[in-house]
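Visitor: Handing over structure11.tsv, TSV, C-alpha atoms.
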```
chain	number	residue	atom	x	y	z
A	8	MET	CA	84.83	92.11	119.53
A	9	ARG	CA	86.53	94.37	122.08
A	10	ILE	CA	89.93	95.66	120.96
A	11	CYS	CA	92.36	97.84	122.90
A	12	PHE	CA	94.74	99.72	120.62
A	13	ILE	CA	98.13	101.07	121.67
A	14	ALA	CA	99.17	104.16	119.66
A	15	HIS	CA	102.59	105.79	119.73
A	16	SER	CA	101.37	109.39	119.33
A	17	ALA	CA	98.30	111.56	119.00
A	18	GLU	CA	99.55	113.30	115.86
A	19	MET	CA	98.24	112.78	112.32
A	20	TYR	CA	100.94	110.97	110.36
A	21	GLY	CA	100.99	107.68	108.47
A	22	ALA	CA	100.47	105.12	111.25
A	23	GLU	CA	97.89	107.31	112.96
A	24	LEU	CA	95.95	107.83	109.72
A	25	ALA	CA	95.98	104.07	109.13
A	26	LEU	CA	94.65	103.53	112.65
A	27	LEU	CA	91.85	106.06	112.11
A	28	GLU	CA	90.84	104.19	108.95
A	29	LEU	CA	90.84	100.88	110.84
A	30	LEU	CA	88.90	102.27	113.81
A	31	GLN	CA	86.18	103.64	111.55
A	32	GLY	CA	85.91	100.34	109.72
A	33	LEU	CA	85.77	98.36	112.97
A	34	VAL	CA	83.14	100.64	114.48
A	35	ASN	CA	81.06	100.20	111.33
A	36	GLU	CA	81.41	96.42	111.77
A	37	GLY	CA	80.11	96.63	115.34
A	38	SER	CA	83.39	96.21	117.22
A	39	SER	CA	84.05	98.09	120.45
A	40	CYS	CA	87.40	99.90	120.53
A	41	MET	CA	89.56	101.70	123.06
A	42	VAL	CA	92.83	103.53	122.38
A	43	LEU	CA	95.72	104.18	124.76
A	44	VAL	CA	97.90	107.15	123.76
A	45	PRO	CA	100.96	108.76	125.39
A	46	GLU	CA	99.91	112.38	124.82
A	47	ASN	CA	97.22	114.79	123.77
A	48	GLY	CA	96.88	115.80	120.12
A	49	PRO	CA	94.62	116.14	117.07
A	50	PHE	CA	94.23	112.36	116.73
A	51	LEU	CA	92.00	112.37	119.81
A	52	ALA	CA	89.52	114.81	118.30
A	53	GLU	CA	89.12	112.44	115.35
A	54	ILE	CA	88.39	109.38	117.47
A	55	ASP	CA	86.03	111.44	119.63
A	56	ARG	CA	83.93	111.89	116.49
A	57	MET	CA	83.71	108.09	116.27
A	58	ARG	CA	82.82	107.91	119.97
A	59	VAL	CA	85.84	105.71	120.61
A	60	GLU	CA	87.03	105.65	124.21
A	61	TRP	CA	90.61	106.71	124.91
A	62	GLN	CA	93.01	107.22	127.80
A	63	ILE	CA	96.34	109.02	128.06
A	64	ILE	CA	99.17	107.15	129.80
A	65	ASN	CA	102.66	108.55	129.42
A	66	TYR	CA	104.93	105.90	127.91
A	67	PRO	CA	108.11	106.21	125.78
A	68	THR	CA	109.11	104.77	122.43
A	69	TRP	CA	111.89	102.21	122.11
A	70	ARG	CA	113.17	103.44	118.75
A	71	PRO	CA	114.37	107.00	119.36
A	72	ARG	CA	116.93	109.22	117.70
A	73	ARG	CA	118.99	109.73	120.87
A	74	ARG	CA	121.13	106.62	121.25
A	75	LYS	CA	123.37	107.29	124.27
A	76	ILE	CA	123.44	104.32	126.63
A	77	ILE	CA	122.15	106.33	129.58
A	78	ASN	CA	119.18	107.59	127.54
A	79	ARG	CA	118.42	104.05	126.39
A	80	PHE	CA	118.52	102.81	129.98
A	81	ILE	CA	116.22	105.59	131.22
A	82	ARG	CA	113.68	104.96	128.44
A	83	THR	CA	113.69	101.23	129.11
A	84	LEU	CA	113.12	101.87	132.83
A	85	LYS	CA	110.26	104.29	132.08
A	86	ALA	CA	108.67	101.78	129.72
A	87	SER	CA	108.87	99.05	132.36
A	88	LEU	CA	107.16	101.27	134.90
A	89	ALA	CA	104.54	102.48	132.39
A	90	ALA	CA	103.54	98.88	131.65
A	91	ILE	CA	101.90	98.65	135.08
A	92	PRO	CA	99.23	101.38	134.68
A	93	MET	CA	98.74	100.27	131.10
A	94	ALA	CA	98.06	96.70	132.24
A	95	GLN	CA	95.64	98.05	134.84
A	96	ALA	CA	93.76	100.04	132.17
A	97	ILE	CA	93.62	96.97	129.93
A	98	THR	CA	92.32	94.81	132.79
A	99	ARG	CA	89.61	97.34	133.67
A	100	TRP	CA	88.45	97.57	130.06
A	101	GLN	CA	88.56	93.78	129.52
A	102	PRO	CA	89.31	93.61	125.77
A	103	ASP	CA	89.45	90.40	123.82
A	104	VAL	CA	92.80	91.44	122.34
A	105	VAL	CA	95.44	94.17	122.67
A	106	TYR	CA	96.68	95.63	119.39
A	107	THR	CA	99.93	97.62	119.15
A	108	ASN	CA	99.68	99.85	116.09
A	109	THR	CA	103.38	100.39	115.37
A	110	VAL	CA	106.84	98.96	115.91
A	111	VAL	CA	107.91	102.26	117.49
A	112	ILE	CA	106.58	101.20	120.91
A	113	GLY	CA	107.02	97.94	122.79
A	114	VAL	CA	105.47	98.65	126.17
A	115	GLY	CA	101.94	97.76	125.01
A	116	ALA	CA	102.95	94.16	124.39
A	117	VAL	CA	104.46	93.92	127.88
A	118	ALA	CA	101.29	95.41	129.38
A	119	ALA	CA	99.15	92.87	127.49
A	120	TRP	CA	101.34	90.08	128.87
A	121	LEU	CA	100.88	91.43	132.41
A	122	ALA	CA	97.12	91.65	131.84
A	123	ARG	CA	97.11	88.10	130.41
A	124	CYS	CA	95.47	89.28	127.21
A	125	PRO	CA	96.44	88.10	123.70
A	126	HIS	CA	98.48	90.65	121.78
A	127	VAL	CA	98.75	91.47	118.07
A	128	TRP	CA	101.41	93.70	116.55
A	129	HIS	CA	100.90	95.82	113.42
A	130	LEU	CA	104.15	96.74	111.67
A	131	HIS	CA	103.88	99.94	109.64
A	132	GLU	CA	107.64	100.51	109.44
A	133	PHE	CA	110.75	98.77	108.19
A	134	GLY	CA	112.31	98.83	111.65
A	135	HIS	CA	116.02	99.49	111.78
A	136	ILE	CA	116.61	100.50	108.15
A	137	ASN	CA	116.66	104.18	109.13
A	138	PRO	CA	120.20	104.66	110.54
A	139	GLU	CA	118.98	107.58	112.68
A	140	GLU	CA	116.49	105.41	114.58
A	141	LEU	CA	117.76	102.30	116.32
A	142	PHE	CA	116.00	100.19	118.94
A	143	ASP	CA	117.03	100.73	122.56
A	144	LEU	CA	117.22	96.97	123.12
A	145	GLY	CA	119.07	96.25	119.87
A	146	ASN	CA	117.55	95.06	116.61
A	147	HIS	CA	117.71	91.30	117.11
A	148	ARG	CA	116.58	91.39	120.73
A	149	THR	CA	113.67	93.63	119.76
A	150	ALA	CA	112.61	91.31	116.94
A	151	ARG	CA	112.66	88.33	119.32
A	152	LEU	CA	110.43	90.24	121.74
A	153	ILE	CA	107.99	91.16	118.97
A	154	ASP	CA	107.81	87.49	118.08
A	155	SER	CA	107.51	86.11	121.59
A	156	LEU	CA	104.98	88.68	122.84
A	157	SER	CA	102.60	88.43	119.87
A	158	ALA	CA	99.93	85.92	118.93
A	159	GLY	CA	99.83	87.42	115.44
A	160	ILE	CA	101.79	90.04	113.52
A	161	ILE	CA	100.46	92.19	110.67
A	162	ALA	CA	102.73	93.77	108.05
A	163	ASN	CA	101.37	96.57	105.88
A	164	SER	CA	103.16	95.28	102.76
A	165	ARG	CA	105.03	92.26	101.45
A	166	ALA	CA	108.24	94.28	101.62
A	167	VAL	CA	107.80	94.82	105.36
A	168	LYS	CA	106.89	91.17	105.88
A	169	ASN	CA	110.03	90.05	104.05
A	170	GLU	CA	112.17	92.37	106.18
A	171	TYR	CA	110.89	90.96	109.48
A	172	ALA	CA	110.70	87.35	108.27
A	173	ARG	CA	114.47	87.23	108.73
A	174	TYR	CA	114.00	87.53	112.49
A	175	ILE	CA	110.39	86.52	113.24
A	176	ASN	CA	108.49	83.26	112.76
A	177	PRO	CA	107.09	83.80	109.21
A	178	GLN	CA	103.95	81.82	110.07
A	179	LYS	CA	102.95	84.63	112.41
A	180	LEU	CA	103.37	87.32	109.75
A	181	HIS	CA	100.35	88.34	107.67
A	182	VAL	CA	100.15	91.06	105.02
A	183	ILE	CA	97.11	93.32	105.24
A	184	TYR	CA	97.00	96.43	103.09
A	185	GLN	CA	95.45	99.39	104.87
A	186	SER	CA	92.51	101.39	103.59
A	187	VAL	CA	92.79	104.85	102.06
A	188	THR	CA	89.68	107.00	101.99
A	189	LEU	CA	89.20	110.25	100.07
A	190	ASN	CA	86.07	112.32	100.27
A	191	GLU	CA	84.38	113.07	96.96
A	192	GLU	CA	85.68	116.64	96.97
A	193	SER	CA	89.27	115.42	97.29
A	194	LYS	CA	88.81	112.93	94.46
A	195	TYR	CA	87.63	115.44	91.91
A	196	ALA	CA	88.68	118.84	93.28
A	197	ALA	CA	89.31	121.57	90.75
A	198	GLU	CA	92.92	122.69	90.49
A	199	PRO	CA	93.12	125.91	92.54
A	200	ILE	CA	96.58	126.98	91.43
A	201	GLU	CA	96.82	128.87	88.16
A	202	ARG	CA	98.38	126.65	85.54
A	203	LYS	CA	101.62	127.63	83.83
A	204	GLN	CA	103.18	126.24	80.69
A	205	VAL	CA	105.47	124.04	82.78
A	206	PHE	CA	105.32	120.44	83.86
A	207	ARG	CA	104.51	120.42	87.57
A	208	CYS	CA	105.64	117.63	89.90
A	209	VAL	CA	104.69	117.24	93.57
A	210	MET	CA	106.20	115.28	96.46
A	211	VAL	CA	104.35	114.77	99.75
A	212	GLY	CA	106.23	113.48	102.78
A	213	SER	CA	108.36	114.48	105.73
A	214	LEU	CA	111.69	116.14	104.98
A	215	GLN	CA	114.29	113.45	105.60
A	216	PRO	CA	117.01	111.84	103.46
A	217	LEU	CA	115.23	108.50	103.01
A	218	LYS	CA	112.17	110.22	101.45
A	219	GLY	CA	114.22	111.16	98.37
A	220	GLN	CA	113.70	114.91	98.03
A	221	GLN	CA	117.36	115.31	97.00
A	222	GLU	CA	116.84	112.74	94.25
A	223	ALA	CA	113.85	114.64	92.89
A	224	ILE	CA	115.76	117.93	92.90
A	225	ALA	CA	118.66	116.30	91.04
A	226	ALA	CA	116.20	114.92	88.47
A	227	LEU	CA	114.74	118.41	88.02
A	228	ALA	CA	118.24	119.77	87.40
A	229	GLU	CA	118.80	117.06	84.78
A	230	LEU	CA	115.54	118.01	83.07
A	231	ALA	CA	116.66	121.65	83.00
A	232	ARG	CA	119.94	120.55	81.45
A	233	ARG	CA	117.96	118.73	78.75
A	234	GLY	CA	115.95	121.87	78.06
A	235	PHE	CA	112.65	120.88	79.71
A	236	ASP	CA	110.82	123.35	81.91
A	237	ALA	CA	109.59	121.59	85.04
A	238	GLU	CA	108.62	122.63	88.54
A	239	LEU	CA	108.69	120.73	91.84
A	240	MET	CA	106.39	121.31	94.82
A	241	ILE	CA	107.73	119.84	98.06
A	242	VAL	CA	105.02	119.29	100.68
A	243	GLY	CA	106.01	118.32	104.20
A	244	ALA	CA	107.90	119.40	107.29
A	245	GLY	CA	111.10	118.09	108.84
A	246	SER	CA	114.37	119.09	110.41
A	247	SER	CA	115.67	122.55	109.61
A	248	GLY	CA	119.09	121.02	108.98
A	249	PHE	CA	117.87	118.83	106.13
A	250	ARG	CA	115.74	121.67	104.75
A	251	GLN	CA	118.98	123.66	104.51
A	252	VAL	CA	120.66	120.78	102.66
A	253	LEU	CA	117.84	120.82	100.11
A	254	GLU	CA	118.01	124.59	99.73
A	255	ASN	CA	121.77	124.37	99.15
A	256	ASP	CA	121.17	121.80	96.39
A	257	ILE	CA	118.54	124.02	94.80
A	258	LYS	CA	120.89	127.00	94.82
A	259	ARG	CA	123.79	124.94	93.44
A	260	TYR	CA	121.62	123.73	90.53
A	261	GLY	CA	120.15	127.19	89.93
A	262	LEU	CA	116.59	125.96	90.56
A	263	GLU	CA	115.41	128.73	92.88
A	264	GLN	CA	112.50	129.59	90.56
A	265	HIS	CA	111.58	125.94	89.97
A	266	VAL	CA	111.23	124.44	93.47
A	267	VAL	CA	108.61	125.54	96.00
A	268	PHE	CA	108.42	124.44	99.65
A	269	HIS	CA	104.88	124.27	101.02
A	270	GLY	CA	105.68	122.94	104.51
A	271	TYR	CA	103.21	120.73	106.35
A	272	VAL	CA	99.75	120.77	104.75
A	273	GLU	CA	96.92	119.04	106.59
A	274	ASN	CA	95.15	118.09	103.36
A	275	PRO	CA	97.56	118.16	100.40
A	276	MET	CA	94.97	117.01	97.84
A	277	SER	CA	94.61	120.47	96.26
A	278	LEU	CA	98.36	120.48	95.55
A	279	ILE	CA	98.19	116.93	94.19
A	280	HIS	CA	95.40	118.01	91.84
A	281	ALA	CA	97.48	121.03	90.78
A	282	ALA	CA	100.35	118.77	89.68
A	283	ASP	CA	100.86	116.83	86.47
A	284	VAL	CA	102.52	113.95	88.27
A	285	VAL	CA	103.14	112.77	91.84
A	286	LEU	CA	106.65	111.60	92.73
A	287	MET	CA	107.25	108.90	95.35
A	288	CYS	CA	111.02	108.79	95.73
A	289	SER	CA	111.23	107.15	99.14
A	290	ARG	CA	113.73	104.30	99.12
A	291	PHE	CA	112.06	102.39	101.93
A	292	GLU	CA	108.37	103.26	101.79
A	293	SER	CA	106.64	100.60	103.84
A	294	PHE	CA	103.24	101.12	102.19
A	295	GLY	CA	102.64	104.43	100.44
A	296	ARG	CA	99.42	106.16	101.47
A	297	VAL	CA	100.25	109.16	99.28
A	298	THR	CA	100.65	106.86	96.28
A	299	VAL	CA	97.15	105.44	96.78
A	300	GLU	CA	95.69	108.91	97.43
A	301	ALA	CA	97.14	110.11	94.14
A	302	MET	CA	95.75	107.06	92.34
A	303	LEU	CA	92.27	107.59	93.78
A	304	ALA	CA	92.49	111.20	92.61
A	305	GLY	CA	93.34	110.03	89.08
A	306	LYS	CA	96.92	111.31	89.11
A	307	PRO	CA	99.84	109.35	87.62
A	308	VAL	CA	102.61	108.39	90.04
A	309	ILE	CA	106.29	107.90	89.30
A	310	GLY	CA	107.74	105.84	92.12
A	311	ALA	CA	111.01	104.26	93.18
A	312	ALA	CA	111.07	100.55	92.38
A	313	SER	CA	111.57	99.55	96.02
A	314	GLY	CA	109.62	98.82	99.19
A	315	GLY	CA	105.86	99.00	99.22
A	316	THR	CA	105.81	101.40	96.27
A	317	ALA	CA	106.76	98.60	93.90
A	318	GLU	CA	103.72	96.62	95.14
A	319	LEU	CA	101.27	99.45	94.46
A	320	ILE	CA	102.44	100.54	91.01
A	321	GLN	CA	102.14	98.22	88.02
A	322	ALA	CA	104.83	99.69	85.80
A	323	GLY	CA	103.41	101.11	82.59
A	324	LYS	CA	99.83	100.31	83.64
A	325	THR	CA	98.98	102.22	86.82
A	326	GLY	CA	102.11	104.36	87.02
A	327	LEU	CA	105.81	104.34	86.27
A	328	LEU	CA	108.70	102.92	88.28
A	329	TYR	CA	112.30	104.10	88.16
A	330	GLU	CA	115.50	102.62	89.56
A	331	SER	CA	115.75	103.81	93.15
A	332	GLY	CA	118.68	106.16	93.59
A	333	ASN	CA	119.00	106.86	89.85
A	334	TYR	CA	117.96	110.47	89.29
A	335	ASN	CA	118.69	110.19	85.57
A	336	ASP	CA	116.14	107.40	85.29
A	337	LEU	CA	113.65	109.50	87.27
A	338	ALA	CA	114.26	112.45	84.95
A	339	GLY	CA	113.68	110.19	81.96
A	340	LYS	CA	110.32	109.01	83.34
A	341	ILE	CA	109.21	112.60	84.00
A	342	GLN	CA	110.30	113.59	80.49
A	343	TYR	CA	108.32	110.69	79.03
A	344	LEU	CA	105.09	111.93	80.61
A	345	PHE	CA	105.98	115.50	79.66
A	346	GLU	CA	106.24	114.44	76.01
A	347	ASN	CA	103.27	112.03	76.09
A	348	PRO	CA	100.33	113.83	77.74
A	349	GLU	CA	97.84	111.23	76.52
A	350	LYS	CA	99.81	108.52	78.34
A	351	LYS	CA	99.88	110.67	81.46
A	352	ILE	CA	96.08	110.95	81.41
A	353	LYS	CA	95.61	107.22	80.76
A	354	LEU	CA	97.95	106.21	83.60
A	355	GLY	CA	96.00	108.39	86.02
A	356	ALA	CA	92.65	107.02	84.88
A	357	ASP	CA	93.83	103.40	84.98
A	358	ALA	CA	95.35	103.95	88.44
A	359	ARG	CA	92.05	105.29	89.74
A	360	ALA	CA	90.15	102.32	88.29
A	361	TRP	CA	92.62	99.88	89.86
A	362	ALA	CA	92.70	101.51	93.32
A	363	THR	CA	88.98	102.14	93.66
A	364	GLY	CA	87.42	99.32	95.67
A	365	ARG	CA	90.75	97.82	96.75
A	366	PHE	CA	91.56	100.07	99.71
A	367	THR	CA	88.20	100.37	101.46
A	368	GLN	CA	87.62	100.58	105.20
A	369	LYS	CA	85.22	97.63	105.06
A	370	ARG	CA	87.79	95.34	103.44
A	371	TYR	CA	90.50	96.54	105.85
A	372	ALA	CA	88.35	95.97	108.94
A	373	ARG	CA	87.17	92.55	107.76
A	374	ASP	CA	90.73	91.38	107.04
A	375	VAL	CA	91.88	92.47	110.49
A	376	LEU	CA	88.85	90.91	112.21
A	377	ASP	CA	89.43	87.62	110.40
A	378	LEU	CA	93.01	87.57	111.68
A	379	LEU	CA	91.91	88.43	115.22
A	380	ASP	CA	89.27	85.69	115.12
A	381	GLY	CA	92.01	83.26	114.18
A	382	VAL	CA	94.18	84.44	117.06
A	383	LEU	CA	91.37	84.07	119.58
A	384	ALA	CA	90.50	80.62	118.25
A	385	LYS	CA	93.93	79.31	119.28
A	386	PRO	CA	94.31	77.67	122.69
A	387	ALA	CA	95.60	80.23	125.18
A	388	ASN	CA	98.82	78.30	125.81
A	389	THR	CA	99.77	78.34	122.10
A	390	ARG	CA	99.14	82.02	121.26
A	391	HIS	CA	102.76	83.02	121.78
A	392	ALA	CA	104.30	79.87	120.38
```
With the file now loaded, output its structure as structure tokens.
Guide:
Amino acid sequence: MRICFIAHSAEMYGAELALLELLQGLVNEGSSCMVLVPENGPFLAEIDRMRVEWQIINYPTWRPRRRKIINRFIRTLKASLAAIPMAQAITRWQPDVVYTNTVVIGVGAVAAWLARCPHVWHLHEFGHINPEELFDLGNHRTARLIDSLSAGIIANSRAVKNEYARYINPQKLHVIYQSVTLNEESKYAAEPIERKQVFRCVMVGSLQPLKGQQEAIAALAELARRGFDAELMIVGAGSSGFRQVLENDIKRYGLEQHVVFHGYVENPMSLIHAADVVLMCSRFESFGRVTVEAMLAGKPVIGAASGGTAELIQAGKTGLLYESGNYNDLAGKIQYLFENPEKKIKLGADARAWATGRFTQKRYARDVLDLLDGVLAKPANTRHA
């Protein structure tokens, strides 16, 4: 099968990592893939290693942070114009299907329509839940376009499917969990950081309010109040403004010696191995790649009981869940593992056993190919019905 993917960036974040996993699985299954990207970046070096063809065409997102009407109009105009060279590239390459990898861009679906090629949309995000990122065309109008311009729509979790099912024909929506691959060294790496007689927690994710770093810091302060010595490693980059908010919280709680910022780390597995527990405090995590990575590494995860996190963690069996937004509950779960080291070890081992074999590239590629086969089997005049 020939598949043309539309990516929204050439960076190496969640949606891009999921696409790399899918591309490798599809190549292994004998599919021929091409990727259109709006820019240069490290993602391209990775797909070069797979010998996947790519082309750069400058096109904008339709879910930006700048929401002024004039900016929205300019982006919409640019997207409309960019659809023409994109459609030409699609026509030249002659794929069986066009596959937009994220809800952040809409121009790929328009280009597929111009090229008269069936289109599939993969939703890795919750859409308009983040108040800082709204669609240029409005939420309801955007959802209607996603529906009308797609022959099939993939959601990366049941939580994401349920969010979009309010606006999109639910019969088009299919849940496919992505693959997560760790090399053997990352699975069993020795802990490189010298251990202290403290309980070490780690969070991995971009610095933004919805990721829950403030919640974790508040939980750490509560643990200190209870007399427990804990440490928090925060891994990830973000806006300097929110970083300052976090630093102000740390200073107010007197946690300067207990919280360490590591910034963006290309491979955070050494820090995950150095921790006693991984925290996933995001309130609207659509899937949770870090959660699965921690599981595959045999580390227990304490996660917010919301979004995709609640689908990955079986409470008390493969991790612990706490009430999202309740830092006291989070502190209590951390304290429980602090006081019960044998339970901490068992949760990590059971999580690894559960995750191993479930999130493979082969399974991911086969699930996607089965869906694409179903799309192509439909009569052409019913693919957007």
Visitor: Using all atoms listed in the file, which of A:Ser155, A:Ser277, A:Gln101, A:Thr188 sits nearest Trp128 of chain A?
Guide: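 Selected residue with least distance to Trp128 of chain A: A:Ser155.
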Visitor: Find the distance between atom CA of Ala225 of chain A and atom CA of Asn335 of chain A and write it in Å to one decimal.
Guide: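 According to the coordinates, atom CA of Ala225 of chain A and atom CA of Asn335 of chain A are separated by 8.2 Å.
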Visitor: As a ChimeraX atom specification, please: the residues near segment 352-359 of chain A (cut-off 10 Å, all atoms listed in the file, same-chain neighbours under 3 positions excluded).
Guide: /A:194,283-284,298-308,319-327,344,347-349,362-364
Visitor: Would you write out those residues with C-alpha atoms, as a PDB file, in the coordinates of the input?
Guide:
```pdb
ATOM      1  CA  LYS A 194      88.810 112.930  94.460  1.00  0.00           C
ATOM      2  CA  ASP A 283     100.860 116.830  86.470  1.00  0.00           C
ATOM      3  CA  VAL A 284     102.520 113.950  88.270  1.00  0.00           C
ATOM      4  CA  THR A 298     100.650 106.860  96.280  1.00  0.00           C
ATOM      5  CA  VAL A 299      97.150 105.440  96.780  1.00  0.00           C
ATOM      6  CA  GLU A 300      95.690 108.910  97.430  1.00  0.00           C
ATOM      7  CA  ALA A 301      97.140 110.110  94.140  1.00  0.00           C
ATOM      8  CA  MET A 302      95.750 107.060  92.340  1.00  0.00           C
ATOM      9  CA  LEU A 303      92.270 107.590  93.780  1.00  0.00           C
ATOM     10  CA  ALA A 304      92.490 111.200  92.610  1.00  0.00           C
ATOM     11  CA  GLY A 305      93.340 110.030  89.080  1.00  0.00           C
ATOM     12  CA  LYS A 306      96.920 111.310  89.110  1.00  0.00           C
ATOM     13  CA  PRO A 307      99.840 109.350  87.620  1.00  0.00           C
ATOM     14  CA  VAL A 308     102.610 108.390  90.040  1.00  0.00           C
ATOM     15  CA  LEU A 319     101.270  99.450  94.460  1.00  0.00           C
ATOM     16  CA  ILE A 320     102.440 100.540  91.010  1.00  0.00           C
ATOM     17  CA  GLN A 321     102.140  98.220  88.020  1.00  0.00           C
ATOM     18  CA  ALA A 322     104.830  99.690  85.800  1.00  0.00           C
ATOM     19  CA  GLY A 323     103.410 101.110  82.590  1.00  0.00           C
ATOM     20  CA  LYS A 324      99.830 100.310  83.640  1.00  0.00           C
ATOM     21  CA  THR A 325      98.980 102.220  86.820  1.00  0.00           C
ATOM     22  CA  GLY A 326     102.110 104.360  87.020  1.00  0.00           C
ATOM     23  CA  LEU A 327     105.810 104.340  86.270  1.00  0.00           C
ATOM     24  CA  LEU A 344     105.090 111.930  80.610  1.00  0.00           C
ATOM     25  CA  ASN A 347     103.270 112.030  76.090  1.00  0.00           C
ATOM     26  CA  PRO A 348     100.330 113.830  77.740  1.00  0.00           C
ATOM     27  CA  GLU A 349      97.840 111.230  76.520  1.00  0.00           C
ATOM     28  CA  ALA A 362      92.700 101.510  93.320  1.00  0.00           C
ATOM     29  CA  THR A 363      88.980 102.140  93.660  1.00  0.00           C
ATOM     30  CA  GLY A 364      87.420  99.320  95.670  1.00  0.00           C
TER      31      GLY A 364
END
```
Visitor: For Arg290 of chain A, which of A:Leu230, A:Gly245, A:Phe133, A:Val252 is the closest residue, counting all atoms listed in the file?
Guide: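 Counting all atoms listed in the file, the residue closest to Arg290 of chain A is A:Phe133.
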Visitor: Just want the 7 Å neighbourhood of Met8 of chain A, counted on all atoms listed in the file, with same-chain residues fewer than 5 positions away dropped. Output as an mmCIF file with C-alpha atoms, in the coordinates of the input.
Guide:
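Final file, selection.cif:
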```
data_model
loop_
_atom_site.group_PDB
_atom_site.id
_atom_site.type_symbol
_atom_site.label_atom_id
_atom_site.label_comp_id
_atom_site.auth_asym_id
_atom_site.auth_seq_id
_atom_site.Cartn_x
_atom_site.Cartn_y
_atom_site.Cartn_z
ATOM 1 C CA SER A 38 83.390 96.210 117.220
ATOM 2 C CA SER A 39 84.050 98.090 120.450
ATOM 3 C CA ASP A 103 89.450 90.400 123.820
#
```
Visitor: Rank nothing, just name the residue among A:Gln62, A:Glu229, A:Gly295, A:Leu121 nearest to Ala90 of chain A, using all atoms listed in the file.
Guide: A:Leu121
Visitor: Any idea what's packed within 10 Å of Tyr334 of chain A, counting all atoms listed in the file, ignoring anything in its chain fewer than 6 positions away? Could you give it as a ChimeraX atom specification?
Guide: /A:219,221-229,288,340
Visitor: Could you turn the residues from that selection into a file that holds C-alpha atoms, as a PDB file, in the frame of the given file?
Guide:
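out_11.pdb, freshly written:
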```pdb
ATOM      1  CA  GLY A 219     114.220 111.160  98.370  1.00  0.00           C
ATOM      2  CA  GLN A 221     117.360 115.310  97.000  1.00  0.00           C
ATOM      3  CA  GLU A 222     116.840 112.740  94.250  1.00  0.00           C
ATOM      4  CA  ALA A 223     113.850 114.640  92.890  1.00  0.00           C
ATOM      5  CA  ILE A 224     115.760 117.930  92.900  1.00  0.00           C
ATOM      6  CA  ALA A 225     118.660 116.300  91.040  1.00  0.00           C
ATOM      7  CA  ALA A 226     116.200 114.920  88.470  1.00  0.00           C
ATOM      8  CA  LEU A 227     114.740 118.410  88.020  1.00  0.00           C
ATOM      9  CA  ALA A 228     118.240 119.770  87.400  1.00  0.00           C
ATOM     10  CA  GLU A 229     118.800 117.060  84.780  1.00  0.00           C
ATOM     11  CA  CYS A 288     111.020 108.790  95.730  1.00  0.00           C
ATOM     12  CA  LYS A 340     110.320 109.010  83.340  1.00  0.00           C
TER      13      LYS A 340
END
```
Visitor: Please compute the atom CA of Asn108 of chain A-atom CA of Gly243 of chain A distance, one decimal, in Å.
Guide: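 For atom CA of Asn108 of chain A relative to atom CA of Gly243 of chain A, the distance reads 22.9 Å.
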Visitor: Using all atoms listed in the file, can you tell me which of A:Asn274, A:Gln31, A:Asn163, A:Gln220 comes closest to Gly332 of chain A?
Guide: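 Looking only at the distances to Gly332 of chain A, the closest residue turns out to be A:Gln220.
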Visitor: Could you pull the residues within 9 Å of Glu36 of chain A, counting all atoms listed in the file, minus those fewer than 3 positions along the same chain, as a list in words?
Guide: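 Final neighbour list, sorted by chain and number: Gln31, Gly32, Leu33, Lys369, Ala372 and Arg373 of chain A.
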Visitor: Those residues with C-alpha atoms, as a PDB file, in the frame of the given file please?
Guide:
```
ATOM      1  CA  GLN A  31      86.180 103.640 111.550  1.00  0.00           C
ATOM      2  CA  GLY A  32      85.910 100.340 109.720  1.00  0.00           C
ATOM      3  CA  LEU A  33      85.770  98.360 112.970  1.00  0.00           C
ATOM      4  CA  LYS A 369      85.220  97.630 105.060  1.00  0.00           C
ATOM      5  CA  ALA A 372      88.350  95.970 108.940  1.00  0.00           C
ATOM      6  CA  ARG A 373      87.170  92.550 107.760  1.00  0.00           C
TER       7      ARG A 373
END
```
Visitor: Work out how far apart atom CA of Thr316 of chain A and atom CA of Glu292 of chain A are and give it in Å to one decimal.
Guide: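 Separation of atom CA of Thr316 of chain A and atom CA of Glu292 of chain A: 6.4 Å.
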Visitor: Step by step: start from the point (90.6, 94.5, 103.9) in the file's coordinates, keep every protein, DNA or RNA residue that has an atom no farther than 12 Å from it, count only C-alpha atoms, and write the set as a PyMOL selection string.
Guide: chain A and resi 28-29+32-33+163+182-187+364-378
Visitor: Just need the box for segment 221-227 of chain A, edges along x, y and z, holding every atom the file lists for it with 3 Å tacked onto each side, so centre and edge lengths in Å to one decimal, as lines of an AutoDock Vina configuration file.
Guide:
```
center_x = 116.3
center_y = 115.6
center_z = 92.5
size_x = 10.8
size_y = 11.7
size_z = 15.0
```
Visitor: From the set A:Phe206, A:Tyr171, A:Phe12, A:Phe142, which residue has the shortest atom-to-atom contact distance to Gly115 of chain A, counting only C-alpha atoms?
Guide: A:Phe12
Visitor: Excluding same-chain residues fewer than 6 positions from Thr109 of chain A, what lies within 9 Å of it counting only C-alpha atoms, as a CSV table (one decimal) with C-alpha atoms, keeping the file's coordinate frame?
Guide:
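Output below, filename out_12.csv:
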```csv
chain,number,residue,atom,x,y,z
A,13,ILE,CA,98.1,101.1,121.7
A,14,ALA,CA,99.2,104.2,119.7
A,15,HIS,CA,102.6,105.8,119.7
A,22,ALA,CA,100.5,105.1,111.2
A,128,TRP,CA,101.4,93.7,116.6
A,129,HIS,CA,100.9,95.8,113.4
A,130,LEU,CA,104.2,96.7,111.7
A,131,HIS,CA,103.9,99.9,109.6
A,132,GLU,CA,107.6,100.5,109.4
```
